[in-house]
$ cat coords.txt   # compact mmCIF, C-alpha atoms
# COMPACT_ATOMS: atom_id res chain seq x y z
CA MET A 25 11.00 1.57 -7.59
CA SER A 26 12.63 0.36 -4.53
CA LEU A 27 9.83 -0.10 -2.04
CA GLY A 28 12.23 -1.42 0.54
CA ASP A 29 13.72 2.05 0.98
CA GLU A 30 10.36 3.66 1.55
CA PRO A 31 8.02 3.56 4.54
CA GLY A 32 5.46 0.78 4.59
CA TYR A 33 2.11 1.35 2.93
CA GLY A 34 0.49 1.35 6.33
CA ASP A 35 2.80 4.03 7.68
CA GLY A 36 1.80 7.67 7.95
CA PRO A 37 2.20 10.81 10.03
CA ARG A 38 1.62 9.85 13.61
CA GLY A 39 1.67 11.52 16.97
CA GLU A 40 3.47 10.44 20.11
CA ASP A 41 0.80 7.89 20.92
CA GLY A 42 0.99 6.23 17.53
CA GLY A 43 -2.39 7.52 16.35
CA TYR A 44 -2.91 9.62 13.25
CA GLY A 45 -3.14 13.34 13.85
CA GLY A 46 -1.30 13.60 17.17
CA SER A 47 -2.34 12.84 20.72
CA GLY A 48 -6.05 12.42 20.02
CA GLN A 49 -7.03 14.63 23.00
CA THR A 50 -10.30 16.60 22.79
CA ARG A 51 -10.12 20.37 23.20
CA THR A 52 -12.99 22.14 25.00
CA ARG A 53 -13.64 25.76 24.05
CA LEU A 54 -14.66 28.02 26.94
CA PRO A 55 -16.76 31.17 26.51
CA ASP A 56 -14.68 34.18 25.54
CA ARG A 57 -17.29 36.65 26.64
CA PRO A 58 -20.89 36.77 27.89
CA GLY A 59 -23.38 35.81 25.20
CA ASP A 60 -20.80 33.88 23.16
CA VAL A 61 -23.14 31.05 22.13
CA TYR A 62 -20.32 29.09 20.48
CA GLY A 63 -18.58 28.97 23.82
CA GLY A 64 -21.50 27.16 25.44
CA ALA A 65 -23.71 29.89 26.88
CA ARG A 66 -27.26 28.72 27.42
CA ARG A 67 -29.97 30.07 25.13
CA GLY A 68 -33.04 28.21 26.32
CA ARG A 69 -34.39 25.59 23.89
CA GLY A 70 -31.72 26.45 21.30
CA SER A 71 -29.35 24.04 23.03
CA SER A 72 -31.51 20.99 22.32
CA SER A 73 -31.97 22.14 18.73
CA ARG A 74 -28.23 22.34 18.25
CA SER A 75 -27.82 18.88 19.79
CA LEU A 76 -30.32 17.48 17.31
CA VAL A 77 -28.54 19.13 14.40
CA THR A 78 -25.23 17.72 15.65
CA VAL A 79 -26.59 14.19 15.88
CA VAL A 80 -28.14 14.41 12.41
CA GLY A 81 -24.86 15.74 11.02
CA VAL A 82 -22.88 12.87 12.52
CA VAL A 83 -25.33 10.31 11.09
CA VAL A 84 -25.14 11.89 7.62
CA LEU A 85 -21.35 11.87 7.69
CA LEU A 86 -21.33 8.24 8.83
CA ILE A 87 -23.66 7.20 6.00
CA ALA A 88 -21.53 9.10 3.49
CA ALA A 89 -18.37 7.44 4.76
CA ILE A 90 -19.91 3.96 4.46
CA ALA A 91 -21.14 4.71 0.94
CA PHE A 92 -17.71 6.00 -0.08
CA ALA A 93 -15.98 2.90 1.33
CA ASN A 94 -18.38 0.58 -0.47
CA ARG A 95 -17.93 2.49 -3.71
CA GLY A 96 -14.16 2.13 -3.41
CA ASP A 97 -14.44 -1.63 -2.90
CA ASN A 98 -16.72 -2.06 -5.90
CA ALA A 99 -14.58 0.09 -8.15
CA ALA A 100 -11.42 -1.80 -7.27
CA SER A 101 -12.86 -5.28 -7.62
CA SER A 102 -13.32 -7.26 -10.81
CA GLY A 103 -16.63 -7.22 -12.60
CA ASP A 104 -17.52 -10.85 -11.89
CA GLY A 105 -17.31 -10.37 -8.13
CA SER A 106 -15.95 -13.88 -7.69
CA GLY A 107 -12.58 -12.90 -6.24
CA ASP A 108 -11.93 -12.57 -2.54
CA LYS A 109 -9.70 -9.54 -2.97
CA ALA A 110 -9.71 -6.47 -5.15
CA LYS A 111 -8.11 -6.66 -8.57
CA THR A 112 -5.43 -4.10 -9.36
CA SER A 113 -5.04 -2.25 -12.63
CA PRO A 114 -2.02 -3.08 -14.85
CA THR A 115 0.11 -0.33 -13.31
CA ALA A 116 -1.24 -0.28 -9.76
CA ALA A 117 1.14 -0.90 -6.87
CA SER A 118 0.54 -4.18 -5.06
CA GLY A 119 2.45 -3.38 -1.89
CA ASN A 120 4.84 -6.26 -2.46
CA HIS A 121 8.47 -5.47 -1.78
CA PRO A 122 10.98 -5.77 -4.63
CA VAL A 123 13.59 -8.49 -4.79
CA ASN A 124 16.60 -8.32 -2.50
CA SER A 125 19.15 -10.04 -4.75
CA LYS A 126 21.11 -8.80 -7.75
CA THR A 127 23.08 -10.37 -10.58
CA ALA A 128 25.75 -8.16 -12.21
CA GLY A 129 24.12 -5.24 -10.40
CA ILE A 130 20.71 -6.01 -11.92
CA PRO A 131 17.75 -7.06 -9.72
CA SER A 132 17.09 -10.81 -9.94
CA GLY A 133 15.12 -13.58 -8.29
CA PHE A 134 11.68 -12.27 -9.26
CA PRO A 135 8.53 -14.04 -8.01
CA HIS A 136 6.93 -16.73 -10.17
CA THR A 137 3.85 -14.55 -10.66
CA GLU A 138 2.43 -12.03 -13.14
CA GLN A 139 3.71 -9.21 -10.96
CA GLY A 140 7.13 -10.84 -10.85
CA ALA A 141 7.19 -11.01 -14.65
CA GLY A 142 6.19 -7.35 -14.90
CA SER A 143 8.91 -6.29 -12.47
CA ALA A 144 11.48 -8.37 -14.33
CA ALA A 145 10.58 -6.74 -17.66
CA ALA A 146 10.85 -3.24 -16.17
CA ASN A 147 14.23 -3.86 -14.54
CA TYR A 148 15.65 -5.70 -17.52
CA GLY A 149 14.53 -2.90 -19.82
CA VAL A 150 16.42 -0.39 -17.68
CA ALA A 151 19.59 -2.52 -17.86
CA LEU A 152 19.36 -3.06 -21.61
CA GLY A 153 18.95 0.67 -22.17
CA SER A 154 21.84 1.72 -19.92
CA PRO A 155 25.26 3.12 -20.94
CA GLY A 156 26.77 -0.19 -19.82
CA MET A 157 25.62 -1.72 -23.10
CA PHE A 158 28.25 0.39 -24.87
CA ASN A 159 31.09 -1.16 -22.87
CA ALA A 160 32.12 -4.71 -23.86
CA ASP A 161 32.64 -6.13 -20.37
CA GLN A 162 29.51 -4.54 -18.93
CA ARG A 163 27.46 -5.53 -21.98
CA HIS A 164 28.44 -9.19 -21.63
CA ALA A 165 27.52 -9.16 -17.94
CA ILE A 166 24.15 -7.51 -18.64
CA VAL A 167 23.26 -9.92 -21.43
CA ASP A 168 24.22 -12.95 -19.31
CA ALA A 169 22.09 -11.66 -16.42
CA VAL A 170 19.02 -10.72 -18.47
CA TYR A 171 18.70 -13.39 -21.17
CA THR A 172 18.32 -17.14 -20.85
CA PRO A 173 21.72 -18.88 -21.12
CA ALA A 174 21.02 -20.26 -24.61
CA VAL A 175 19.85 -16.92 -25.98
CA ALA A 176 22.68 -14.98 -24.31
CA ALA A 177 25.33 -17.23 -25.87
CA ALA A 178 23.78 -16.86 -29.32
CA ARG A 179 23.22 -13.12 -29.08
CA GLN A 180 26.53 -11.90 -27.64
CA SER A 181 28.36 -11.74 -30.98
CA ASP A 182 25.46 -9.96 -32.71
CA LEU A 183 25.29 -7.37 -29.95
CA ASP A 184 29.05 -6.90 -30.00
CA SER A 185 28.88 -6.15 -33.71
CA ALA A 186 25.98 -3.74 -33.29
CA TYR A 187 27.41 -1.80 -30.36
CA THR A 188 30.93 -1.52 -31.80
CA SER A 189 29.89 -0.48 -35.28
CA GLU A 190 32.01 2.57 -36.14
CA LYS A 191 29.17 4.12 -38.12
CA PHE A 192 26.73 3.67 -35.24
CA LEU A 193 29.12 5.06 -32.62
CA THR A 194 30.08 8.01 -34.83
CA ASN A 195 26.44 8.90 -35.41
CA ILE A 196 25.78 9.19 -31.69
CA GLY A 197 29.07 10.98 -30.98
CA LEU A 198 31.07 8.23 -29.24
CA ASP A 199 34.55 6.92 -30.02
CA LYS A 200 35.32 3.32 -31.05
CA ASN A 201 35.36 2.23 -27.41
CA GLY A 202 31.93 3.71 -26.72
CA ALA A 203 33.35 6.64 -24.73
CA ALA A 204 32.12 10.23 -24.89
CA PRO A 205 34.42 13.06 -26.02
CA ALA A 206 36.34 14.94 -23.34
CA GLY A 207 34.13 17.39 -21.48
CA GLN A 208 30.90 15.61 -22.45
CA THR A 209 28.71 13.03 -20.72
CA PHE A 210 26.95 10.20 -22.51
CA ILE A 211 23.39 9.74 -21.26
CA SER A 212 21.27 6.66 -21.97
CA ARG A 213 18.51 6.02 -19.47
CA ILE A 214 15.14 4.29 -19.59
CA ILE A 215 12.36 5.35 -17.22
CA PRO A 216 9.49 2.81 -17.10
CA VAL A 217 5.98 4.23 -16.93
CA GLY A 218 4.09 0.97 -16.63
CA THR A 219 3.84 -2.67 -17.62
CA LYS A 220 1.03 -4.81 -19.01
CA ILE A 221 0.84 -8.60 -19.02
CA LYS A 222 -0.12 -9.77 -22.52
CA ALA A 223 0.17 -13.50 -21.82
CA PHE A 224 1.10 -15.63 -18.84
CA ASN A 225 1.43 -19.29 -17.92
CA THR A 226 3.61 -21.36 -15.63
CA ASP A 227 6.78 -21.17 -17.69
CA SER A 228 6.46 -18.14 -19.97
CA ALA A 229 5.10 -14.61 -20.12
CA ALA A 230 4.75 -11.74 -22.57
CA VAL A 231 5.05 -8.32 -20.95
CA GLU A 232 4.66 -4.89 -22.54
CA LEU A 233 6.86 -2.18 -21.04
CA TRP A 234 5.90 1.43 -21.79
CA TYR A 235 8.72 3.84 -21.08
CA THR A 236 10.40 7.11 -21.89
CA SER A 237 14.09 7.31 -22.64
CA LEU A 238 16.79 9.95 -22.41
CA PHE A 239 19.59 9.65 -24.94
CA GLY A 240 22.42 11.85 -26.14
CA LEU A 241 25.52 13.79 -25.11
CA SER A 242 25.48 16.66 -22.65
CA GLY A 243 28.32 19.13 -22.49
CA ASP A 244 29.90 21.94 -24.46
CA GLY A 245 30.15 21.29 -28.17
CA SER A 246 27.70 18.37 -28.21
CA THR A 247 26.21 17.75 -31.64
CA ASN A 248 23.80 15.17 -30.24
CA PRO A 249 22.05 16.85 -27.28
CA VAL A 250 20.01 14.78 -24.86
CA SER A 251 16.51 14.17 -26.18
CA GLU A 252 13.41 12.34 -24.96
CA SER A 253 11.66 9.48 -26.76
CA TRP A 254 8.74 7.18 -25.98
CA TYR A 255 8.51 3.47 -26.77
CA THR A 256 6.72 0.25 -25.88
CA THR A 257 8.79 -2.93 -25.82
CA THR A 258 7.22 -6.36 -25.56
CA TYR A 259 9.48 -8.82 -23.74
CA GLN A 260 9.09 -12.58 -24.13
CA LEU A 261 10.09 -14.10 -20.79
CA LYS A 262 10.79 -17.67 -19.73
CA TRP A 263 10.80 -19.10 -16.21
CA ILE A 264 14.16 -20.84 -15.85
CA ASP A 265 16.34 -21.72 -12.86
CA GLY A 266 14.00 -19.95 -10.46
CA ASP A 267 13.81 -16.61 -12.27
CA TRP A 268 12.33 -14.80 -15.27
CA LYS A 269 14.71 -14.35 -18.22
CA VAL A 270 14.34 -12.75 -21.65
CA THR A 271 14.14 -14.87 -24.77
CA ASP A 272 13.16 -12.17 -27.29
CA PHE A 273 11.62 -8.71 -27.63
CA THR A 274 9.96 -6.36 -30.10
CA GLN A 275 9.75 -2.56 -29.96
CA LYS A 276 7.39 0.08 -31.29
CA ASP A 277 7.08 3.85 -30.94
CA GLY A 278 4.77 5.47 -28.38
CA PRO A 279 2.32 6.11 -26.96
CA VAL A 280 3.75 9.63 -27.05
CA PRO A 281 2.22 12.38 -24.85
CA VAL A 282 1.86 16.00 -25.94
CA GLY A 283 4.98 17.95 -24.96
CA ARG A 284 4.70 20.85 -22.55
CA ASP A 285 6.06 24.24 -23.44
CA GLN A 286 9.07 24.05 -21.15
CA LYS A 287 12.48 25.56 -21.63
CA ALA A 288 15.20 22.97 -22.20
CA SER A 289 17.80 22.76 -19.44
CA THR A 290 21.41 23.65 -20.02
CA ALA A 291 23.98 20.94 -20.73
CA ASP A 292 25.50 21.48 -17.29
CA ASP A 293 22.14 21.08 -15.56
CA MET A 294 21.39 17.90 -17.50
CA THR A 295 24.78 16.39 -16.71
CA LYS A 296 24.45 17.26 -13.04
CA ALA A 297 20.94 15.79 -12.84
CA VAL A 298 21.96 12.47 -14.39
CA GLU A 299 24.98 12.20 -12.11
CA GLU A 300 23.06 13.06 -8.94
CA TYR A 301 19.75 11.29 -9.48
CA GLY A 302 20.11 7.53 -9.29
CA GLY A 303 17.75 4.91 -10.66
CA PHE A 304 15.21 2.61 -9.03
CA THR A 305 14.53 -1.05 -8.57
CA TYR A 306 11.13 -1.38 -10.21
CA ALA A 307 8.43 -3.49 -8.59
CA ARG A 308 4.65 -3.63 -8.64
$ encode --input "coords.txt" --output "structure tokens"
Amino acid sequence: MSLGDEPGYGDGPRGEDGGYGGSGQTRTRLPDRPGDVYGGARRGRGSSSRSLVTVVGVVVLLIAAIAFANRGDNAASSGDGSGDKAKTSPTAASGNHPVNSKTAGIPSGFPHTEQGAGSAAANYGVALGSPGMFNADQRHAIVDAVYTPAVAAARQSDLDSAYTSEKFLTNIGLDKNGAAPAGQTFISRIIPVGTKIKAFNTDSAAVELWYTSLFGLSGDGSTNPVSESWYTTTYQLKWIDGDWKVTDFTQKDGPVPVGRDQKASTADDMTKAVEEYGGFTYAR
């Protein structure tokens, strides 16, 4: 997700003075009528009793707040307690901004860190699952941007054969050029759910990407309507020329959640949604 387009993690609703919740002024309630004790009317010794209750209440709230804060720190930190900062879970946001550069329209220049490898796997997975893979020129550009140079050169011909197979294209409803029939829209989109680092060292990484995908044809007369699938792909990455690049990958089904009982959208609604809702640059 593109964090650069969103407000900073420290931002929030603020008032004119920059403080949370508005101006920060204290309102004093005046008595509405005689005997209105909540407005401040005196009732002998009851006033001191209420003051005591107020003080005790403030102390209790303060203790509770401290306990809650300490519990949050302990829960977020690693079990050995040796680190200076809290450890994040595999899919937790770090607050780091995504990369600012792109190659062939694909994010590039990822950090030489575990988080950088995870972000690279997520963004590369999106590119490799896009409709561009069904167009020769776009496919070549994607493969060159995602794979290491040696692997890209060796894999181009295999991918060309796979993506131009007449049987394959016919089965999914596309013509020999990978185009959808008139009046229909081809949809192929990957939506990452999370990443997990399986292995990491200075020059290589293995990253699992769990994602859901939308695939099919929307429009009147479609015999291959858009459907949802769930997969986990493990990407083998190599640090080369200042960036993470793919050397190989394996894929397996799931984990697959239980489907909700929701009515499927019309072909027009699906087409409109895909055209109007753009993708993200994924970062931890």
$ residues_around --input "coords.txt" --residues "range 161-174 of chain A" --least-positions-apart "3" --cutoff "10 Å" --atoms "only C-alpha atoms" --output "number ranges by chain"
A: 126-132, 144-145, 147-149, 151-152, 154-158, 177-181, 183-184, 187, 261-265, 267-272
$ closest_residue --input "coords.txt" --among "A:Leu198, A:Lys191, A:Asn124, A:His136" --to "Asn159 in chain A" --atoms "all atoms listed in the file"
A:Leu198
$ closest_residue --input "coords.txt" --among "A:Ser228, A:Thr137, A:Asn248, A:Val280" --to "Thr194 in chain A" --atoms "all atoms listed in the file"
A:Asn248
$ atom_distance --input "coords.txt" --atom1 "CA of Val282 in chain A" --atom2 "CA of Val150 in chain A"
23.4 Å
$ atom_distance --input "coords.txt" --atom1 "CA of Thr274 in chain A" --atom2 "CA of Gly140 in chain A"
20.0 Å
$ atom_distance --input "coords.txt" --atom1 "CA of Trp254 in chain A" --atom2 "CA of Ile214 in chain A"
9.5 Å
$ closest_residue --input "coords.txt" --among "A:Ser253, A:Asn120, A:Thr209, A:Asn225" --to "Leu238 in chain A" --atoms "all atoms listed in the file"
A:Ser253
$ closest_residue --input "coords.txt" --among "A:Asp199, A:Glu232, A:Asp292, A:Asp285" --to "Gly245 in chain A" --atoms "all atoms listed in the file"
A:Asp292
$ closest_residue --input "coords.txt" --among "A:Arg213, A:Gly133, A:Gly303, A:Glu138" --to "Asp227 in chain A" --atoms "only C-alpha atoms"
A:Glu138
